[in-house]
>>> print(open('coords10.pdb').read())   # PDB, C-alpha atoms (C1' of nucleotides)
ATOM      1  CA  MET A 133      -9.731   2.657 -42.219  1.00  0.00           C
ATOM      2  CA  LYS A 134      -7.554   3.078 -39.183  1.00  0.00           C
ATOM      3  CA  LYS A 135      -4.397   2.377 -41.108  1.00  0.00           C
ATOM      4  CA  GLN A 136      -4.851   5.447 -43.279  1.00  0.00           C
ATOM      5  CA  LYS A 137      -5.844   7.643 -40.392  1.00  0.00           C
ATOM      6  CA  ILE A 138      -2.914   6.716 -38.222  1.00  0.00           C
ATOM      7  CA  ARG A 139      -0.584   7.273 -41.148  1.00  0.00           C
ATOM      8  CA  LYS A 140      -2.095  10.726 -41.690  1.00  0.00           C
ATOM      9  CA  ILE A 141      -1.774  11.663 -38.045  1.00  0.00           C
ATOM     10  CA  TYR A 142       1.832  10.545 -37.960  1.00  0.00           C
ATOM     11  CA  ASP A 143       2.702  12.478 -41.109  1.00  0.00           C
ATOM     12  CA  LYS A 144       1.060  15.651 -39.851  1.00  0.00           C
ATOM     13  CA  LEU A 145       2.869  15.475 -36.544  1.00  0.00           C
ATOM     14  CA  ASP A 146       6.143  14.629 -38.219  1.00  0.00           C
ATOM     15  CA  LYS A 147       5.845  17.702 -40.395  1.00  0.00           C
ATOM     16  CA  TYR A 148       4.817  19.839 -37.439  1.00  0.00           C
ATOM     17  CA  PHE A 149       7.382  18.733 -34.855  1.00  0.00           C
ATOM     18  CA  GLY A 150      10.268  17.285 -36.821  1.00  0.00           C
ATOM     19  CA  ASP A 151      12.726  15.381 -34.633  1.00  0.00           C
ATOM     20  CA  LEU A 152      11.981  15.958 -30.962  1.00  0.00           C
ATOM     21  CA  GLY A 153      15.141  14.225 -29.819  1.00  0.00           C
ATOM     22  CA  TRP A 154      13.531  11.697 -27.505  1.00  0.00           C
ATOM     23  CA  TRP A 155      14.492  10.293 -25.052  1.00  0.00           C
ATOM     24  CA  PRO A 156      16.857  12.957 -23.667  1.00  0.00           C
ATOM     25  CA  ALA A 157      19.526  10.973 -21.776  1.00  0.00           C
ATOM     26  CA  ASP A 158      23.229  10.216 -21.829  1.00  0.00           C
ATOM     27  CA  SER A 159      22.894   6.490 -21.265  1.00  0.00           C
ATOM     28  CA  ALA A 160      20.488   3.560 -21.263  1.00  0.00           C
ATOM     29  CA  PHE A 161      20.533   3.570 -17.486  1.00  0.00           C
ATOM     30  CA  GLU A 162      19.533   7.222 -17.385  1.00  0.00           C
ATOM     31  CA  VAL A 163      16.539   6.357 -19.572  1.00  0.00           C
ATOM     32  CA  ILE A 164      15.545   3.642 -17.127  1.00  0.00           C
ATOM     33  CA  VAL A 165      15.787   5.970 -14.139  1.00  0.00           C
ATOM     34  CA  GLY A 166      13.806   8.627 -15.980  1.00  0.00           C
ATOM     35  CA  ALA A 167      11.144   6.102 -16.967  1.00  0.00           C
ATOM     36  CA  VAL A 168      10.520   5.228 -13.321  1.00  0.00           C
ATOM     37  CA  LEU A 169      10.695   8.772 -12.022  1.00  0.00           C
ATOM     38  CA  THR A 170       8.298  10.184 -14.611  1.00  0.00           C
ATOM     39  CA  GLN A 171       5.442   7.927 -13.557  1.00  0.00           C
ATOM     40  CA  ASN A 172       2.442  10.231 -13.217  1.00  0.00           C
ATOM     41  CA  THR A 173       4.823  13.167 -12.882  1.00  0.00           C
ATOM     42  CA  ALA A 174       5.772  16.194 -14.962  1.00  0.00           C
ATOM     43  CA  TRP A 175       9.076  15.663 -16.734  1.00  0.00           C
ATOM     44  CA  LYS A 176      10.408  18.952 -15.468  1.00  0.00           C
ATOM     45  CA  ASN A 177      10.388  17.619 -11.912  1.00  0.00           C
ATOM     46  CA  VAL A 178      12.161  14.487 -13.064  1.00  0.00           C
ATOM     47  CA  GLU A 179      14.981  16.457 -14.660  1.00  0.00           C
ATOM     48  CA  LYS A 180      15.825  18.045 -11.335  1.00  0.00           C
ATOM     49  CA  ALA A 181      15.960  14.658  -9.644  1.00  0.00           C
ATOM     50  CA  ILE A 182      18.226  13.194 -12.311  1.00  0.00           C
ATOM     51  CA  GLU A 183      20.422  16.251 -12.074  1.00  0.00           C
ATOM     52  CA  GLN A 184      20.776  15.658  -8.334  1.00  0.00           C
ATOM     53  CA  LEU A 185      21.921  12.106  -8.971  1.00  0.00           C
ATOM     54  CA  LYS A 186      24.367  13.258 -11.618  1.00  0.00           C
ATOM     55  CA  GLN A 187      25.854  16.015  -9.522  1.00  0.00           C
ATOM     56  CA  ASN A 188      26.503  13.546  -6.743  1.00  0.00           C
ATOM     57  CA  LYS A 189      27.901  11.048  -9.245  1.00  0.00           C
ATOM     58  CA  LEU A 190      25.333   8.498  -8.199  1.00  0.00           C
ATOM     59  CA  LEU A 191      23.656   7.785 -11.521  1.00  0.00           C
ATOM     60  CA  ASP A 192      24.860   4.219 -11.495  1.00  0.00           C
ATOM     61  CA  PRO A 193      22.985   0.989 -10.718  1.00  0.00           C
ATOM     62  CA  LYS A 194      25.346  -0.330  -8.059  1.00  0.00           C
ATOM     63  CA  LYS A 195      25.634   3.004  -6.317  1.00  0.00           C
ATOM     64  CA  ILE A 196      21.898   3.554  -6.213  1.00  0.00           C
ATOM     65  CA  GLU A 197      21.362   0.057  -4.891  1.00  0.00           C
ATOM     66  CA  SER A 198      23.676   0.725  -1.961  1.00  0.00           C
ATOM     67  CA  LEU A 199      22.264   4.103  -0.958  1.00  0.00           C
ATOM     68  CA  SER A 200      20.122   4.379   2.133  1.00  0.00           C
ATOM     69  CA  ASP A 201      16.407   4.820   1.498  1.00  0.00           C
ATOM     70  CA  ALA A 202      16.510   8.170   3.236  1.00  0.00           C
ATOM     71  CA  ARG A 203      19.370   9.472   1.124  1.00  0.00           C
ATOM     72  CA  LEU A 204      17.953   8.244  -2.158  1.00  0.00           C
ATOM     73  CA  SER A 205      14.469   9.552  -1.552  1.00  0.00           C
ATOM     74  CA  ARG A 206      15.905  12.902  -0.551  1.00  0.00           C
ATOM     75  CA  LEU A 207      17.866  13.097  -3.797  1.00  0.00           C
ATOM     76  CA  ILE A 208      14.835  12.359  -5.952  1.00  0.00           C
ATOM     77  CA  ARG A 209      12.373  14.329  -3.858  1.00  0.00           C
ATOM     78  CA  SER A 210      11.414  16.709  -6.657  1.00  0.00           C
ATOM     79  CA  SER A 211       9.963  13.910  -8.763  1.00  0.00           C
ATOM     80  CA  GLY A 212       7.196  13.208  -6.252  1.00  0.00           C
ATOM     81  CA  TYR A 213       6.209   9.883  -4.635  1.00  0.00           C
ATOM     82  CA  HIS A 214       9.833   9.812  -3.586  1.00  0.00           C
ATOM     83  CA  ARG A 215       9.566   7.026  -1.022  1.00  0.00           C
ATOM     84  CA  VAL A 216       7.814   4.738  -3.460  1.00  0.00           C
ATOM     85  CA  LYS A 217      10.109   5.646  -6.287  1.00  0.00           C
ATOM     86  CA  SER A 218      13.301   5.109  -4.329  1.00  0.00           C
ATOM     87  CA  GLU A 219      12.146   1.571  -3.661  1.00  0.00           C
ATOM     88  CA  ARG A 220      11.290   1.112  -7.302  1.00  0.00           C
ATOM     89  CA  LEU A 221      14.671   2.372  -8.431  1.00  0.00           C
ATOM     90  CA  LYS A 222      16.380  -0.032  -6.099  1.00  0.00           C
ATOM     91  CA  ALA A 223      14.269  -2.906  -7.340  1.00  0.00           C
ATOM     92  CA  VAL A 224      15.270  -2.072 -10.909  1.00  0.00           C
ATOM     93  CA  CYS A 225      18.940  -1.865  -9.927  1.00  0.00           C
ATOM     94  CA  ARG A 226      18.741  -5.247  -8.234  1.00  0.00           C
ATOM     95  CA  PHE A 227      17.192  -6.610 -11.403  1.00  0.00           C
ATOM     96  CA  LEU A 228      19.975  -5.143 -13.524  1.00  0.00           C
ATOM     97  CA  GLU A 229      22.626  -6.610 -11.271  1.00  0.00           C
ATOM     98  CA  LYS A 230      21.044 -10.042 -11.470  1.00  0.00           C
ATOM     99  CA  GLU A 231      20.263  -9.867 -15.185  1.00  0.00           C
ATOM    100  CA  CYS A 232      23.458  -8.447 -16.638  1.00  0.00           C
ATOM    101  CA  GLY A 233      25.834  -7.685 -13.788  1.00  0.00           C
ATOM    102  CA  SER A 234      24.760  -4.043 -14.051  1.00  0.00           C
ATOM    103  CA  ARG A 235      26.259  -3.845 -17.542  1.00  0.00           C
ATOM    104  CA  VAL A 236      23.096  -2.329 -18.883  1.00  0.00           C
ATOM    105  CA  ASN A 237      24.117  -2.170 -22.530  1.00  0.00           C
ATOM    106  CA  LYS A 238      24.280  -5.942 -22.619  1.00  0.00           C
ATOM    107  CA  LEU A 239      20.507  -5.983 -22.611  1.00  0.00           C
ATOM    108  CA  LYS A 240      20.397  -4.421 -26.063  1.00  0.00           C
ATOM    109  CA  LYS A 241      21.008  -7.886 -27.400  1.00  0.00           C
ATOM    110  CA  ALA A 242      18.049  -9.390 -25.543  1.00  0.00           C
ATOM    111  CA  GLY A 243      14.819 -10.275 -27.317  1.00  0.00           C
ATOM    112  CA  ALA A 244      12.110  -7.667 -26.912  1.00  0.00           C
ATOM    113  CA  ALA A 245       9.344 -10.014 -25.798  1.00  0.00           C
ATOM    114  CA  SER A 246      11.310 -11.855 -23.134  1.00  0.00           C
ATOM    115  CA  LEU A 247      12.912  -8.688 -21.837  1.00  0.00           C
ATOM    116  CA  ARG A 248       9.480  -7.101 -21.561  1.00  0.00           C
ATOM    117  CA  GLU A 249       8.256  -9.966 -19.424  1.00  0.00           C
ATOM    118  CA  LYS A 250      11.251  -9.730 -17.154  1.00  0.00           C
ATOM    119  CA  LEU A 251      10.828  -5.998 -16.753  1.00  0.00           C
ATOM    120  CA  LEU A 252       7.165  -6.433 -15.894  1.00  0.00           C
ATOM    121  CA  SER A 253       8.123  -8.816 -13.116  1.00  0.00           C
ATOM    122  CA  VAL A 254      10.040  -6.040 -11.370  1.00  0.00           C
ATOM    123  CA  LYS A 255       7.942  -4.314  -8.739  1.00  0.00           C
ATOM    124  CA  GLY A 256       7.345  -0.785  -9.892  1.00  0.00           C
ATOM    125  CA  ILE A 257       7.579  -1.453 -13.605  1.00  0.00           C
ATOM    126  CA  GLY A 258       4.240  -1.630 -15.367  1.00  0.00           C
ATOM    127  CA  PRO A 259       3.485  -1.773 -19.091  1.00  0.00           C
ATOM    128  CA  GLU A 260       4.222   1.844 -19.927  1.00  0.00           C
ATOM    129  CA  THR A 261       7.480   1.978 -18.015  1.00  0.00           C
ATOM    130  CA  ALA A 262       8.584  -1.348 -19.506  1.00  0.00           C
ATOM    131  CA  ASP A 263       7.809  -0.253 -23.039  1.00  0.00           C
ATOM    132  CA  SER A 264       9.489   3.122 -22.564  1.00  0.00           C
ATOM    133  CA  ILE A 265      12.617   1.290 -21.490  1.00  0.00           C
ATOM    134  CA  LEU A 266      12.407  -1.130 -24.419  1.00  0.00           C
ATOM    135  CA  VAL A 267      12.087   1.542 -27.053  1.00  0.00           C
ATOM    136  CA  TYR A 268      14.142   4.402 -25.626  1.00  0.00           C
ATOM    137  CA  ALA A 269      16.899   2.555 -23.799  1.00  0.00           C
ATOM    138  CA  PHE A 270      17.198  -0.541 -25.997  1.00  0.00           C
ATOM    139  CA  SER A 271      15.854   0.549 -29.406  1.00  0.00           C
ATOM    140  CA  LYS A 272      13.195  -2.149 -29.613  1.00  0.00           C
ATOM    141  CA  PRO A 273      10.291  -1.604 -32.039  1.00  0.00           C
ATOM    142  CA  VAL A 274       7.593  -0.990 -29.449  1.00  0.00           C
ATOM    143  CA  PHE A 275       4.889   1.647 -29.207  1.00  0.00           C
ATOM    144  CA  VAL A 276       4.391   3.255 -25.806  1.00  0.00           C
ATOM    145  CA  VAL A 277       0.840   3.982 -24.684  1.00  0.00           C
ATOM    146  CA  ASP A 278       0.394   6.801 -22.213  1.00  0.00           C
ATOM    147  CA  ALA A 279      -2.410   8.978 -20.902  1.00  0.00           C
ATOM    148  CA  TYR A 280      -2.086  11.449 -23.776  1.00  0.00           C
ATOM    149  CA  THR A 281      -2.161   8.680 -26.349  1.00  0.00           C
ATOM    150  CA  ARG A 282      -5.354   7.328 -24.866  1.00  0.00           C
ATOM    151  CA  ARG A 283      -6.954  10.744 -24.854  1.00  0.00           C
ATOM    152  CA  ILE A 284      -6.013  11.544 -28.417  1.00  0.00           C
ATOM    153  CA  PHE A 285      -6.860   8.111 -29.820  1.00  0.00           C
ATOM    154  CA  SER A 286     -10.194   8.170 -28.066  1.00  0.00           C
ATOM    155  CA  ARG A 287     -11.076  11.611 -29.392  1.00  0.00           C
ATOM    156  CA  HIS A 288     -10.134  10.557 -32.887  1.00  0.00           C
ATOM    157  CA  GLY A 289     -12.125   7.338 -32.733  1.00  0.00           C
ATOM    158  CA  LEU A 290      -9.094   5.081 -32.977  1.00  0.00           C
ATOM    159  CA  ALA A 291      -9.735   3.328 -29.661  1.00  0.00           C
ATOM    160  CA  GLY A 292     -12.462   3.085 -27.065  1.00  0.00           C
ATOM    161  CA  LYS A 293     -12.409   5.539 -24.212  1.00  0.00           C
ATOM    162  CA  ASP A 294     -11.462   2.860 -21.716  1.00  0.00           C
ATOM    163  CA  ALA A 295      -9.573   0.474 -23.916  1.00  0.00           C
ATOM    164  CA  SER A 296      -6.860  -1.495 -22.154  1.00  0.00           C
ATOM    165  CA  TYR A 297      -3.172  -0.729 -22.559  1.00  0.00           C
ATOM    166  CA  ASP A 298      -2.657  -3.739 -24.797  1.00  0.00           C
ATOM    167  CA  GLU A 299      -5.646  -2.905 -26.956  1.00  0.00           C
ATOM    168  CA  VAL A 300      -4.416   0.593 -27.685  1.00  0.00           C
ATOM    169  CA  GLN A 301      -0.923  -0.692 -28.328  1.00  0.00           C
ATOM    170  CA  SER A 302      -2.268  -3.282 -30.759  1.00  0.00           C
ATOM    171  CA  VAL A 303      -4.075  -0.620 -32.748  1.00  0.00           C
ATOM    172  CA  VAL A 304      -0.708   0.916 -33.537  1.00  0.00           C
ATOM    173  CA  HIS A 305       1.284  -2.285 -33.882  1.00  0.00           C
ATOM    174  CA  GLU A 306      -1.234  -3.671 -36.338  1.00  0.00           C
ATOM    175  CA  ASN A 307      -1.802  -0.517 -38.324  1.00  0.00           C
ATOM    176  CA  PHE A 308       1.564   1.126 -38.459  1.00  0.00           C
ATOM    177  CA  PRO A 309       4.904   0.026 -39.928  1.00  0.00           C
ATOM    178  CA  MET A 310       6.992  -1.542 -37.197  1.00  0.00           C
ATOM    179  CA  ALA A 311      10.133   0.518 -37.584  1.00  0.00           C
ATOM    180  CA  HIS A 312      11.703   1.384 -34.267  1.00  0.00           C
ATOM    181  CA  ARG A 313      12.474   4.956 -35.204  1.00  0.00           C
ATOM    182  CA  LYS A 314       8.887   5.699 -36.169  1.00  0.00           C
ATOM    183  CA  LEU A 315       7.293   4.097 -33.142  1.00  0.00           C
ATOM    184  CA  ASN A 316       9.724   6.018 -30.989  1.00  0.00           C
ATOM    185  CA  GLN A 317       8.864   9.304 -32.694  1.00  0.00           C
ATOM    186  CA  PHE A 318       5.156   8.616 -32.773  1.00  0.00           C
ATOM    187  CA  HIS A 319       4.945   8.361 -29.012  1.00  0.00           C
ATOM    188  CA  ALA A 320       7.026  11.498 -28.606  1.00  0.00           C
ATOM    189  CA  PHE A 321       4.751  13.354 -31.022  1.00  0.00           C
ATOM    190  CA  LEU A 322       1.615  12.300 -29.182  1.00  0.00           C
ATOM    191  CA  VAL A 323       2.956  13.349 -25.793  1.00  0.00           C
ATOM    192  CA  GLU A 324       4.046  16.697 -27.143  1.00  0.00           C
ATOM    193  CA  THR A 325       0.692  17.180 -28.839  1.00  0.00           C
ATOM    194  CA  GLY A 326      -1.084  16.280 -25.632  1.00  0.00           C
ATOM    195  CA  LYS A 327       0.968  18.651 -23.538  1.00  0.00           C
ATOM    196  CA  ARG A 328       0.406  21.575 -25.839  1.00  0.00           C
ATOM    197  CA  PHE A 329      -3.041  21.065 -27.323  1.00  0.00           C
ATOM    198  CA  CYS A 330      -5.016  18.360 -25.598  1.00  0.00           C
ATOM    199  CA  LYS A 331      -5.313  19.096 -21.911  1.00  0.00           C
ATOM    200  CA  ARG A 332      -7.863  17.182 -19.950  1.00  0.00           C
ATOM    201  CA  LYS A 333     -10.683  19.627 -19.790  1.00  0.00           C
ATOM    202  CA  LYS A 334     -10.296  21.145 -23.207  1.00  0.00           C
ATOM    203  CA  GLY A 335     -11.397  19.370 -26.297  1.00  0.00           C
ATOM    204  CA  LEU A 336      -9.370  19.440 -29.447  1.00  0.00           C
ATOM    205  CA  CYS A 337      -8.224  22.968 -29.776  1.00  0.00           C
ATOM    206  CA  LYS A 338      -7.890  25.104 -32.855  1.00  0.00           C
ATOM    207  CA  GLU A 339      -4.156  25.111 -33.254  1.00  0.00           C
ATOM    208  CA  CYS A 340      -3.799  21.359 -32.812  1.00  0.00           C
ATOM    209  CA  PRO A 341      -1.852  20.042 -35.800  1.00  0.00           C
ATOM    210  CA  ILE A 342      -4.104  17.002 -36.184  1.00  0.00           C
ATOM    211  CA  LYS A 343      -7.391  18.813 -35.760  1.00  0.00           C
ATOM    212  CA  GLY A 344     -10.109  17.443 -37.974  1.00  0.00           C
ATOM    213  CA  LEU A 345      -8.388  14.260 -39.125  1.00  0.00           C
TER     214      LEU A 345
ATOM    215  C1'  DC B 251      -8.200  27.562  -3.837  1.00  0.00           C
ATOM    216  C1'  DA B 252      -8.477  23.391  -7.406  1.00  0.00           C
ATOM    217  C1'  DC B 253      -6.378  20.698 -10.830  1.00  0.00           C
ATOM    218  C1'  DC B 254      -2.822  18.316 -13.294  1.00  0.00           C
ATOM    219  C1'  DA B 255       1.593  15.637 -14.483  1.00  0.00           C
ATOM    220  C1'  DG B 256       5.232  11.031 -20.007  1.00  0.00           C
ATOM    221  C1'  DG B 257       1.757   5.106 -13.468  1.00  0.00           C
ATOM    222  C1'  DC B 258       1.793   1.376 -10.448  1.00  0.00           C
ATOM    223  C1'  DA B 259       0.548  -1.770  -6.712  1.00  0.00           C
ATOM    224  C1'  DA B 260      -2.412  -3.355  -3.235  1.00  0.00           C
ATOM    225  C1'  DG B 261      -6.803  -3.910  -1.376  1.00  0.00           C
ATOM    226  C1'  DT B 262     -11.705  -4.880  -1.962  1.00  0.00           C
ATOM    227  C1'  DA B 263     -15.977  -7.039  -3.916  1.00  0.00           C
TER     228       DA B 263
ATOM    229  C1'  DT C 204     -12.385  -8.971 -13.637  1.00  0.00           C
ATOM    230  C1'  DA C 205     -13.242  -4.147 -12.364  1.00  0.00           C
ATOM    231  C1'  DC C 206     -13.198  -0.530  -9.356  1.00  0.00           C
ATOM    232  C1'  DT C 207     -10.798   2.328  -5.472  1.00  0.00           C
ATOM    233  C1'  DT C 208      -7.047   4.358  -2.943  1.00  0.00           C
ATOM    234  C1'  DG C 209      -2.273   5.811  -1.593  1.00  0.00           C
ATOM    235  C1'  DC C 210       1.725   7.722  -3.120  1.00  0.00           C
ATOM    236  C1'  DA C 211       3.757  13.623  -3.151  1.00  0.00           C
ATOM    237  C1'  DT C 212       6.242  17.396  -5.361  1.00  0.00           C
ATOM    238  C1'  DG C 213       5.880  21.468  -8.253  1.00  0.00           C
ATOM    239  C1'  DG C 214       3.597  24.204 -11.841  1.00  0.00           C
ATOM    240  C1'  DT C 215      -0.648  26.696 -13.659  1.00  0.00           C
TER     241       DT C 215
END
>>> encode(input="coords10.pdb", output="structure tokens")
Amino acid sequence: MKKQKIRKIYDKLDKYFGDLGWWPADSAFEVIVGAVLTQNTAWKNVEKAIEQLKQNKLLDPKKIESLSDARLSRLIRSSGYHRVKSERLKAVCRFLEKECGSRVNKLKKAGAASLREKLLSVKGIGPETADSILVYAFSKPVFVVDAYTRRIFSRHGLAGKDASYDEVQSVVHENFPMAHRKLNQFHAFLVETGKRFCKRKKGLCKECPIKGL
DNA sequence: CACCAGGCAAGTA
DNA sequence: TACTTGCATGGT
């Protein structure tokens, strides 16, 4: 039964990691920026980019929207794909201006499903980025599926190797209590497990806290 | 040197 | 629908 197995995995990881303090950010908007910048990119490189924006006091939707493409992409260069990502950031900022007058915290009151759809309509925001924003910026009860999650779920027989994003997400939504805090932590646990123990070419390694479940 | 990282969009068949 | 490719820096 998947329900039992997922529960077991969560409990093991909870005991092993405790509270990982995700998502590290000082504001909802910083979460959104981080969610875009971390697309297919190591978080370490994203931190430097966010730090650049902070040091220049530009971590603000209206300010980012009005920057030149050259300036913005230079500031976020360390996060990779900087030309693409500067466009994506601007698209998100335009969305925020239109949606809530750039008062980002207003969106906490929005319904999760409708906000998800709106986010997905922004160019540069796909399912993972949208869900990361929903759960980490706006505390919605949503489980984020990422590359590590896929890898781990596949190796533990919880999802097919090439299951779609929505399929993997459903496995968790249907088999795990829908508390925001736990879904939030669960994703953080899986990413941390992946980073440390489940690299692409290795199989499950000995020290992995959920080995053999 | 090769490979990977907390994806997504656009093009093709 | 299901592939494929471009995007790019920084770490191992």
>>> closest_residue(input="coords10.pdb", among="A:Ser234, A:Ser264, A:Ser159, A:Thr173", to="chain C", atoms="all atoms listed in the file")
A:Thr173
>>> atom_distance(input="coords10.pdb", atom1="CA of Lys222 (chain A)", atom2="CA of Ser246 (chain A)")
21.3 Å
>>> closest_residue(input="coords10.pdb", among="A:Glu306, A:Glu249, A:Glu260, A:Asp294", to="chain C", atoms="all atoms listed in the file")
A:Asp294
>>> closest_atom_pairs(input="coords10.pdb", of="chain B", to="chain C", cutoff="10 Å", atoms="all atoms listed in the file", output="Markdown table")
| residue | atom | partner | partner_atom | distance |
| --- | --- | --- | --- | --- |
| B:DC253 | C1' | C:DT215 | C1' | 8.8 |
| B:DC254 | C1' | C:DT215 | C1' | 8.7 |
| B:DA255 | C1' | C:DG214 | C1' | 9.2 |
| B:DC258 | C1' | C:DC210 | C1' | 9.7 |
| B:DA259 | C1' | C:DG209 | C1' | 9.6 |
| B:DA260 | C1' | C:DT208 | C1' | 9.0 |
| B:DG261 | C1' | C:DT208 | C1' | 8.4 |
| B:DT262 | C1' | C:DT207 | C1' | 8.1 |
| B:DA263 | C1' | C:DC206 | C1' | 8.9 |
>>> interface_residues(input="coords10.pdb", of="chain A", to="chain B", cutoff="12 Å", atoms="only C-alpha atoms (C1' of nucleotides)", output="PyMOL selection string")
chain A and resi 154-155+166-178+211-213+216-217+220+252+254-264+276-281+297+319-327+331-333
>>> resolve_selection(input="coords10.pdb", expression="the PyMOL selection byres ((chain A and resi 228) around 12)", output="PyMOL selection string")
chain A and resi 160-161+164-165+192-194+196-197+221-227+229-239+247+250-251+254
>>> atom_distance(input="coords10.pdb", atom1="CA of Glu299 (chain A)", atom2="CA of Leu345 (chain A)")
21.2 Å
